Every structure is written in structure tokens, then in C-alpha cells.
file input.cif (mmCIF, C-alpha atoms and all ligand atoms)
data_start
loop_
_atom_site.label_atom_id
_atom_site.label_comp_id
_atom_site.auth_asym_id
_atom_site.auth_seq_id
_atom_site.Cartn_x
_atom_site.Cartn_y
_atom_site.Cartn_z
CA MET D 1 12.32 16.98 -9.57
CA SER D 2 9.07 17.01 -11.48
CA GLU D 3 6.10 18.36 -9.52
CA SER D 4 4.13 15.25 -10.30
CA VAL D 5 6.56 12.88 -8.59
CA VAL D 6 5.16 11.75 -5.23
CA LEU D 7 7.68 9.05 -4.36
CA GLU D 8 11.09 8.27 -5.71
CA LEU D 9 13.28 5.40 -4.59
CA ARG D 10 16.92 5.58 -5.56
CA GLY D 11 19.36 2.71 -5.13
CA LEU D 12 17.40 1.35 -2.18
CA ARG D 13 19.21 -1.42 -0.33
CA LYS D 14 18.14 -3.43 2.68
CA ALA D 15 19.61 -6.56 4.22
CA PHE D 16 18.56 -8.68 7.16
CA GLY D 17 21.90 -9.96 8.39
CA GLU D 18 23.64 -11.51 5.39
CA HIS D 19 20.41 -11.70 3.40
CA GLU D 20 20.11 -8.84 0.91
CA VAL D 21 16.37 -8.41 0.53
CA LEU D 22 16.34 -5.19 -1.52
CA ARG D 23 19.26 -4.91 -3.90
CA GLY D 24 19.25 -1.46 -5.40
CA ILE D 25 15.65 -0.50 -6.13
CA ASP D 26 14.93 2.50 -8.36
CA LEU D 27 11.26 3.37 -8.63
CA THR D 28 9.27 6.52 -9.32
CA VAL D 29 5.60 6.98 -8.44
CA HIS D 30 3.79 9.90 -10.03
CA ARG D 31 0.71 11.67 -8.73
CA HIS D 32 -2.52 9.77 -9.53
CA GLU D 33 -0.57 6.67 -10.50
CA VAL D 34 -1.51 3.19 -9.34
CA ILE D 35 1.50 0.89 -9.30
CA CYS D 36 1.11 -2.81 -8.62
CA VAL D 37 4.21 -4.57 -7.38
CA ILE D 38 4.15 -8.28 -8.16
CA GLY D 39 6.64 -11.03 -7.44
CA ALA D 40 7.10 -14.37 -5.76
CA SER D 41 6.75 -14.76 -2.02
CA GLY D 42 9.99 -13.59 -0.41
CA SER D 43 10.98 -11.32 -3.32
CA GLY D 44 10.93 -8.26 -1.02
CA LYS D 45 7.54 -6.66 -1.75
CA SER D 46 6.47 -6.12 1.86
CA THR D 47 9.92 -4.95 2.88
CA LEU D 48 9.81 -2.40 0.06
CA LEU D 49 6.54 -0.94 1.34
CA LYS D 50 7.77 -1.01 4.94
CA THR D 51 10.82 1.04 4.09
CA VAL D 52 8.56 3.71 2.56
CA ASN D 53 6.47 3.79 5.74
CA LEU D 54 9.62 3.87 7.90
CA LEU D 55 8.80 0.55 9.53
CA GLU D 56 12.16 -0.75 8.31
CA GLY D 57 15.36 1.26 8.13
CA ILE D 58 17.44 1.05 4.97
CA ASP D 59 21.12 0.35 4.45
CA ASP D 60 21.69 2.51 1.40
CA GLY D 61 19.85 4.70 -1.07
CA GLU D 62 17.17 7.35 -0.84
CA VAL D 63 13.43 7.39 -0.24
CA LEU D 64 12.17 10.72 -1.51
CA LEU D 65 8.63 11.72 -0.55
CA GLN D 66 7.76 14.87 -2.49
CA GLY D 67 11.50 15.44 -2.80
CA THR D 68 12.37 15.06 0.88
CA ASP D 69 14.60 12.13 1.86
CA ILE D 70 12.57 10.41 4.55
CA ALA D 71 15.29 7.77 5.08
CA ASP D 72 17.35 10.54 6.69
CA PRO D 73 17.55 9.67 10.41
CA ARG D 74 16.89 13.30 11.35
CA ILE D 75 13.43 13.21 9.80
CA ASP D 76 10.29 13.50 11.98
CA VAL D 77 8.98 9.92 11.72
CA ASP D 78 5.46 10.62 12.98
CA ALA D 79 4.98 13.65 10.75
CA THR D 80 6.21 11.67 7.76
CA ARG D 81 4.01 8.66 8.49
CA ALA D 82 1.05 11.02 8.78
CA ARG D 83 1.49 11.85 5.09
CA ILE D 84 1.17 8.20 4.06
CA GLY D 85 -1.87 5.93 4.35
CA VAL D 86 -1.17 2.25 4.93
CA VAL D 87 -3.22 -0.93 4.88
CA PHE D 88 -1.73 -4.35 5.41
CA GLN D 89 -2.92 -7.86 4.71
CA GLN D 90 -4.18 -8.67 8.16
CA PHE D 91 -7.16 -6.84 9.50
CA ASN D 92 -5.95 -3.55 10.68
CA LEU D 93 -8.75 -2.23 12.85
CA PHE D 94 -8.48 -1.78 16.61
CA PRO D 95 -10.96 -4.34 17.98
CA HIS D 96 -11.79 -2.39 21.13
CA MET D 97 -12.80 0.76 19.24
CA THR D 98 -15.93 1.42 17.23
CA VAL D 99 -15.72 1.72 13.47
CA LEU D 100 -16.19 5.48 13.77
CA ASP D 101 -13.41 5.82 16.36
CA ASN D 102 -11.11 3.69 14.21
CA VAL D 103 -11.64 5.96 11.24
CA THR D 104 -11.28 9.22 13.17
CA LEU D 105 -8.34 8.22 15.37
CA ALA D 106 -5.51 9.49 13.16
CA SER D 107 -7.36 12.67 12.16
CA ARG D 108 -7.85 13.60 15.77
CA ARG D 109 -4.62 12.40 17.39
CA VAL D 110 -2.08 12.99 14.65
CA HIS D 111 -3.61 15.79 12.64
CA GLY D 112 -5.39 17.57 15.50
CA ILE D 113 -8.69 17.84 13.69
CA ALA D 114 -11.68 18.64 15.91
CA LYS D 115 -13.92 15.73 16.86
CA ALA D 116 -17.02 16.98 15.06
CA GLU D 117 -15.16 17.61 11.83
CA ALA D 118 -13.30 14.29 11.95
CA GLU D 119 -16.56 12.44 12.58
CA ALA D 120 -18.36 14.22 9.77
CA THR D 121 -15.61 13.20 7.37
CA ALA D 122 -15.61 9.64 8.69
CA ARG D 123 -19.41 9.31 8.37
CA ARG D 124 -19.27 10.63 4.83
CA LEU D 125 -16.60 8.05 3.93
CA LEU D 126 -18.47 5.23 5.65
CA ASP D 127 -21.68 6.20 3.84
CA ARG D 128 -19.79 6.13 0.59
CA ILE D 129 -18.77 2.50 1.12
CA GLY D 130 -22.25 1.57 2.35
CA LEU D 131 -21.21 1.09 5.98
CA GLY D 132 -22.69 4.20 7.53
CA ASP D 133 -24.99 2.08 9.70
CA PHE D 134 -21.96 0.40 11.27
CA ALA D 135 -20.36 3.58 12.59
CA GLY D 136 -21.14 2.70 16.20
CA ALA D 137 -20.39 -1.01 15.85
CA TYR D 138 -17.24 -2.83 16.86
CA PRO D 139 -15.14 -4.41 14.08
CA ASP D 140 -16.09 -8.00 14.95
CA ARG D 141 -19.64 -7.27 13.75
CA LEU D 142 -18.27 -6.76 10.23
CA SER D 143 -17.22 -9.30 7.63
CA GLY D 144 -13.54 -9.47 6.67
CA GLY D 145 -14.25 -7.56 3.48
CA GLN D 146 -16.16 -4.86 5.34
CA GLN D 147 -13.37 -4.55 7.90
CA GLN D 148 -10.77 -4.21 5.20
CA ARG D 149 -12.84 -1.53 3.44
CA VAL D 150 -13.05 0.35 6.73
CA ALA D 151 -9.27 0.01 7.03
CA VAL D 152 -8.87 1.55 3.57
CA VAL D 153 -11.26 4.36 4.44
CA ARG D 154 -9.36 4.97 7.67
CA ALA D 155 -6.12 5.18 5.69
CA ILE D 156 -7.56 7.86 3.38
CA ALA D 157 -9.44 9.82 6.07
CA THR D 158 -6.46 12.12 6.51
CA SER D 159 -6.03 12.70 2.75
CA PRO D 160 -2.54 11.17 2.53
CA GLU D 161 -0.26 12.01 -0.36
CA LEU D 162 0.41 8.32 -0.92
CA LEU D 163 -1.46 5.14 -0.16
CA LEU D 164 0.47 1.90 0.48
CA LEU D 165 -1.53 -1.31 0.23
CA ASP D 166 0.20 -4.59 1.01
CA GLU D 167 -1.78 -7.64 -0.10
CA VAL D 168 -4.96 -6.15 1.28
CA THR D 169 -7.10 -8.98 -0.07
CA SER D 170 -4.86 -11.97 0.68
CA ALA D 171 -6.52 -12.83 3.98
CA LEU D 172 -10.06 -12.59 2.58
CA ASP D 173 -12.41 -15.28 1.40
CA PRO D 174 -12.51 -15.18 -2.40
CA GLN D 175 -16.05 -13.78 -2.54
CA LEU D 176 -15.00 -10.75 -0.45
CA VAL D 177 -11.97 -9.81 -2.55
CA GLY D 178 -13.98 -7.95 -5.17
CA GLU D 179 -15.57 -5.45 -2.79
CA VAL D 180 -12.18 -4.34 -1.47
CA LEU D 181 -10.57 -4.12 -4.91
CA GLY D 182 -13.65 -2.23 -6.13
CA LEU D 183 -12.99 0.39 -3.49
CA VAL D 184 -9.34 0.65 -4.53
CA ARG D 185 -10.45 1.15 -8.11
CA GLU D 186 -12.80 3.93 -6.98
CA LEU D 187 -9.96 5.65 -5.14
CA LYS D 188 -7.92 5.55 -8.31
CA GLU D 189 -10.78 7.13 -10.24
CA GLN D 190 -10.83 9.88 -7.61
CA GLY D 191 -7.15 10.55 -8.18
CA ALA D 192 -5.39 8.70 -5.38
CA THR D 193 -1.71 7.81 -5.70
CA ILE D 194 -1.27 4.16 -4.79
CA LEU D 195 1.70 1.83 -4.43
CA MET D 196 0.40 -1.66 -3.78
CA THR D 197 1.38 -5.29 -3.80
CA THR D 198 -1.12 -7.86 -5.00
CA HIS D 199 -1.53 -11.37 -6.29
CA GLU D 200 -4.72 -10.39 -8.11
CA MET D 201 -3.44 -10.33 -11.67
CA ALA D 202 -6.82 -9.47 -13.22
CA PHE D 203 -7.02 -6.41 -10.97
CA ALA D 204 -3.44 -5.41 -11.79
CA ARG D 205 -4.19 -5.73 -15.48
CA ASN D 206 -7.34 -3.61 -15.30
CA VAL D 207 -6.44 -0.98 -12.74
CA ALA D 208 -2.66 -0.53 -12.58
CA ASP D 209 -1.02 2.17 -14.63
CA ARG D 210 2.20 0.25 -14.26
CA ILE D 211 3.20 -3.18 -13.04
CA VAL D 212 6.57 -3.63 -11.38
CA PHE D 213 7.99 -7.14 -11.14
CA LEU D 214 10.28 -7.72 -8.20
CA HIS D 215 12.66 -10.69 -8.35
CA GLU D 216 15.09 -11.44 -5.53
CA GLY D 217 15.09 -7.84 -4.41
CA GLU D 218 15.48 -6.24 -7.81
CA VAL D 219 13.05 -4.64 -10.24
CA VAL D 220 13.82 -6.78 -13.27
CA GLU D 221 10.86 -5.68 -15.38
CA GLN D 222 8.21 -2.98 -15.33
CA GLY D 223 5.79 -1.38 -17.71
CA ALA D 224 2.18 -1.18 -18.86
CA PRO D 225 0.11 -4.16 -17.67
CA ALA D 226 -0.37 -5.59 -21.16
CA ASP D 227 3.37 -5.52 -21.82
CA VAL D 228 4.38 -7.03 -18.49
CA LEU D 229 1.63 -9.66 -18.36
CA ASP D 230 1.35 -10.62 -22.02
CA ARG D 231 4.87 -10.03 -23.30
CA PRO D 232 7.15 -10.85 -20.37
CA GLN D 233 10.84 -10.65 -21.21
CA HIS D 234 12.71 -11.74 -18.09
CA PRO D 235 12.77 -15.52 -17.56
CA ALA D 236 11.84 -15.13 -13.89
CA LEU D 237 8.72 -13.18 -14.90
CA VAL D 238 7.77 -15.83 -17.44
CA THR D 239 8.05 -18.47 -14.72
CA PHE D 240 6.15 -16.36 -12.17
CA LEU D 241 3.26 -15.72 -14.57
CA SER D 242 3.01 -19.37 -15.54
CA ARG D 243 2.47 -20.14 -11.85
CA VAL D 244 -0.10 -17.50 -11.00
CA HIS D 245 -2.25 -17.78 -14.11
P1 LIG N 301 7.37 -10.62 0.09
O1 LIG N 301 6.48 -9.59 0.69
O2 LIG N 301 7.69 -10.36 -1.35
O3 LIG N 301 6.85 -12.02 0.28
P2 LIG N 301 9.18 -9.88 2.21
O4 LIG N 301 9.55 -8.47 1.95
O5 LIG N 301 8.16 -10.14 3.26
O6 LIG N 301 8.77 -10.56 0.82
O7 LIG N 301 10.46 -10.72 2.61
C1 LIG N 301 11.60 -10.76 1.80
C2 LIG N 301 12.66 -11.60 2.50
O8 LIG N 301 13.09 -10.91 3.66
C3 LIG N 301 12.18 -12.95 2.94
O9 LIG N 301 13.21 -13.87 2.74
C4 LIG N 301 11.92 -12.76 4.42
O10 LIG N 301 12.09 -13.96 5.11
C5 LIG N 301 12.97 -11.74 4.79
N1 LIG N 301 12.55 -10.88 5.91
C6 LIG N 301 11.51 -10.04 5.93
N2 LIG N 301 11.39 -9.39 7.09
C7 LIG N 301 12.43 -9.84 7.85
C8 LIG N 301 12.89 -9.55 9.18
N3 LIG N 301 12.28 -8.64 9.95
N4 LIG N 301 13.98 -10.21 9.62
C9 LIG N 301 14.62 -11.11 8.83
N5 LIG N 301 14.25 -11.42 7.58
C10 LIG N 301 13.17 -10.81 7.09
MG MG N 302 4.59 -9.67 1.54
#
call {"tool": "encode", "arguments": {"input": "input.cif", "output": "C-alpha cells", "more": "lines below"}}
Ligand code: ADP
Ligand code: MG
result
Amino acid sequence: MSESVVLELRGLRKAFGEHEVLRGIDLTVHRHEVICVIGASGSGKSTLLKTVNLLEGIDDGEVLLQGTDIADPRIDVDATRARIGVVFQQFNLFPHMTVLDNVTLASRRVHGIAKAEAEATARRLLDRIGLGDFAGAYPDRLSGGQQQRVAVVRAIATSPELLLLDEVTSALDPQLVGEVLGLVRELKEQGATILMTTHEMAFARNVADRIVFLHEGEVVEQGAPADVLDRPQHPALVTFLSRVH
């Protein structure tokens, strides 16, 4: 396997009862790549990300993280999850913990980093997103956009190999979407490897290296944003784009 491959999905299958939600997904994510997964509601986007983070088991196929099959039941789940940063749609912060404690939690508990070092890193990250003054505050003092930016910063505080972002702006008021996507764009510029789902087509066009269109649990089209968005081939993609534009 090429050194630059961070994640490789091979023949990934997942059903809930009779319902086949992922029907043989092949997907490769290279280092420093940002991949936007698009598709109609129910097409399997969230399930795809959950299988990578081991929140859902799979029925068949392989999930290779840096060449190791993490779908293997003998794998150390906690150690594997520690290598992946995740942010979901709903606000992810623990409400009873300060912003600083939220950001340092994984570094200290999972990675065993000393308190002073974890806090220095967290303060540096919070300063970078303009929220240094909120370190001691509880999440409910922050706007939805600020909370979601803290959630992103928390996900990267442990320098994960891969960042999974599932509709991180879907629950936000429209005027707050930009500040979160701006942070994601910055992370890309700094070399992060990101697999994300989004309905923000303008963002996908401008920031994604590749867009993957999921339709009924299959990748039916993928490629450079201009190709996928402006020259769609698959009828389901044509229909999808006519609805979101
Ligand atoms: P998307 O994120 O693209 O909207 P999801 O991955 O959330 O799609 O869901 C894909 C399909 O799988 C949907 O039909 C959904 O109802 C079903 N599904 C997701 N999670 C579960 C679950 N835990 N149990 C049963 N069905 C599920
Ligand atoms: Mg979803």
C-alpha cells in the first residue's frame, strides 16, 4: 500500500436487518486529502463515517487505517478511535465541563498527556480560533458556531491521522455556517486529512479535493468537484444536484 494512503475501504457492506445501507463501498483517502461525501438523506453517509469510527460494525469488507484492518474484531477499539478525530452534526461538547476541559479531555485520558502540556496545546488552539477568552467558560455561554468550532478543535487536539466530520454545520443558523467551514478550510491548508459529509455544495466545490456521491449505499460517481458538480453523469446525481442547487 502506498505510504500516502490514510484510509482505504474495500467492499464495505452494512445492513440493518434486511435493509442494505452500504452495498460494497470502495474508497481511498490519501494524506492531506479533503473528501466530501454528498448524497440524499438516507443514502448511507453517516453510516459510512460511523463504520470508520467503529460506532457501527460491518458485515463484509475491510476498513484499512494506515494499512491495518480496524474492522477486525480483535482490534483495540479505544486505541483505534484515538487515532481518529470525529465531529458530528449535533453539538458535541460536554455541557458540564469548561471549554478548556472539553478540549483537553482526550489528550489527558486517552493519550496520557500531562495536564500542563494538554492545557498549553488547548489554549493555543483556542487562541487560534479566537476563543481563548472562553477557556474557563461552559459551552452554553458560546454560540452554536463557537461550540462547533471548539468541537473541531477538540477533535484535532490529539493530532489524529484522520478527521471525520458528519454534517458539522447542519444544525447551525445559516450565518454561523461560514465560521465553522472557514476553520475546516484552515485545517486543510495546514495539511489535515479529512473525510466529511456536507450539504454545503459551495464549500465542497471550493475546498474538496474530491467529491464522492453516494446513492443508495453505493459510490456511483466521484471525482474533482468541477467534474462531479458541473458534468454529472449518473442520473441520480443529476437529480440530486437539481434539488440542492
Ligand atoms: P445519511 O447520513 O446519508 O442520511 P444514514 O447513514 O444515516 O444516511 O442512514 C442510511 C439508512 O440506514 C437510512 O435508511 C436509515 O434509516 C438507516 N439506519 C441508519 N442507522 C440505523 C440503525 N441504527 N438502525 C436501523 N437503520 C438505520
Ligand atoms: Mg447523515
call {"tool": "residues_near_point", "arguments": {"input": "input.cif", "point": "(-7.4, -0.1, -14.3)", "cutoff": "9 Å", "atoms": "only C-alpha atoms", "output": "JSON, numbers by chain"}}
result
{"D": [34, 185, 188, 189, 203, 204, 205, 206, 207, 208, 209]}
call {"tool": "closest_residue", "arguments": {"input": "input.cif", "among": "D:His199, D:Arg109, D:Arg13, D:His234", "to": "Cys36 in chain D", "atoms": "only C-alpha atoms"}}
result
D:His199
call {"tool": "residues_near_ligand", "arguments": {"input": "input.cif", "ligand": "ligand LIG 301 (chain N)", "cutoff": "8 Å", "atoms": "all atoms listed in the file", "output": "MDAnalysis selection string"}}
result
chainID D and resid 15:17 19:21 38:48 214 217
call {"tool": "residues_around", "arguments": {"input": "input.cif", "residues": "Leu105 in chain D", "least_positions_apart": "6", "cutoff": "12 Å", "atoms": "only C-alpha atoms", "output": "mmCIF file with C-alpha atoms, in the coordinates of the input"}}
result
data_model
loop_
_atom_site.group_PDB
_atom_site.id
_atom_site.type_symbol
_atom_site.label_atom_id
_atom_site.label_comp_id
_atom_site.auth_asym_id
_atom_site.auth_seq_id
_atom_site.Cartn_x
_atom_site.Cartn_y
_atom_site.Cartn_z
ATOM 1 C CA ALA D 82 1.050 11.020 8.780
ATOM 2 C CA LEU D 93 -8.750 -2.230 12.850
ATOM 3 C CA PHE D 94 -8.480 -1.780 16.610
ATOM 4 C CA MET D 97 -12.800 0.760 19.240
ATOM 5 C CA THR D 98 -15.930 1.420 17.230
ATOM 6 C CA VAL D 99 -15.720 1.720 13.470
ATOM 7 C CA HIS D 111 -3.610 15.790 12.640
ATOM 8 C CA GLY D 112 -5.390 17.570 15.500
ATOM 9 C CA ILE D 113 -8.690 17.840 13.690
ATOM 10 C CA ALA D 114 -11.680 18.640 15.910
ATOM 11 C CA LYS D 115 -13.920 15.730 16.860
ATOM 12 C CA ALA D 118 -13.300 14.290 11.950
ATOM 13 C CA GLU D 119 -16.560 12.440 12.580
ATOM 14 C CA THR D 121 -15.610 13.200 7.370
ATOM 15 C CA ALA D 122 -15.610 9.640 8.690
ATOM 16 C CA ALA D 151 -9.270 0.010 7.030
ATOM 17 C CA VAL D 153 -11.260 4.360 4.440
ATOM 18 C CA ARG D 154 -9.360 4.970 7.670
ATOM 19 C CA ALA D 155 -6.120 5.180 5.690
ATOM 20 C CA ALA D 157 -9.440 9.820 6.070
ATOM 21 C CA THR D 158 -6.460 12.120 6.510
#
call {"tool": "residues_around", "arguments": {"input": "input.cif", "residues": "Leu187 in chain D", "least_positions_apart": "4", "cutoff": "10 Å", "atoms": "only C-alpha atoms", "output": "number ranges by chain"}}
result
D: 32, 34, 152-153, 156, 163, 181-183, 191-194
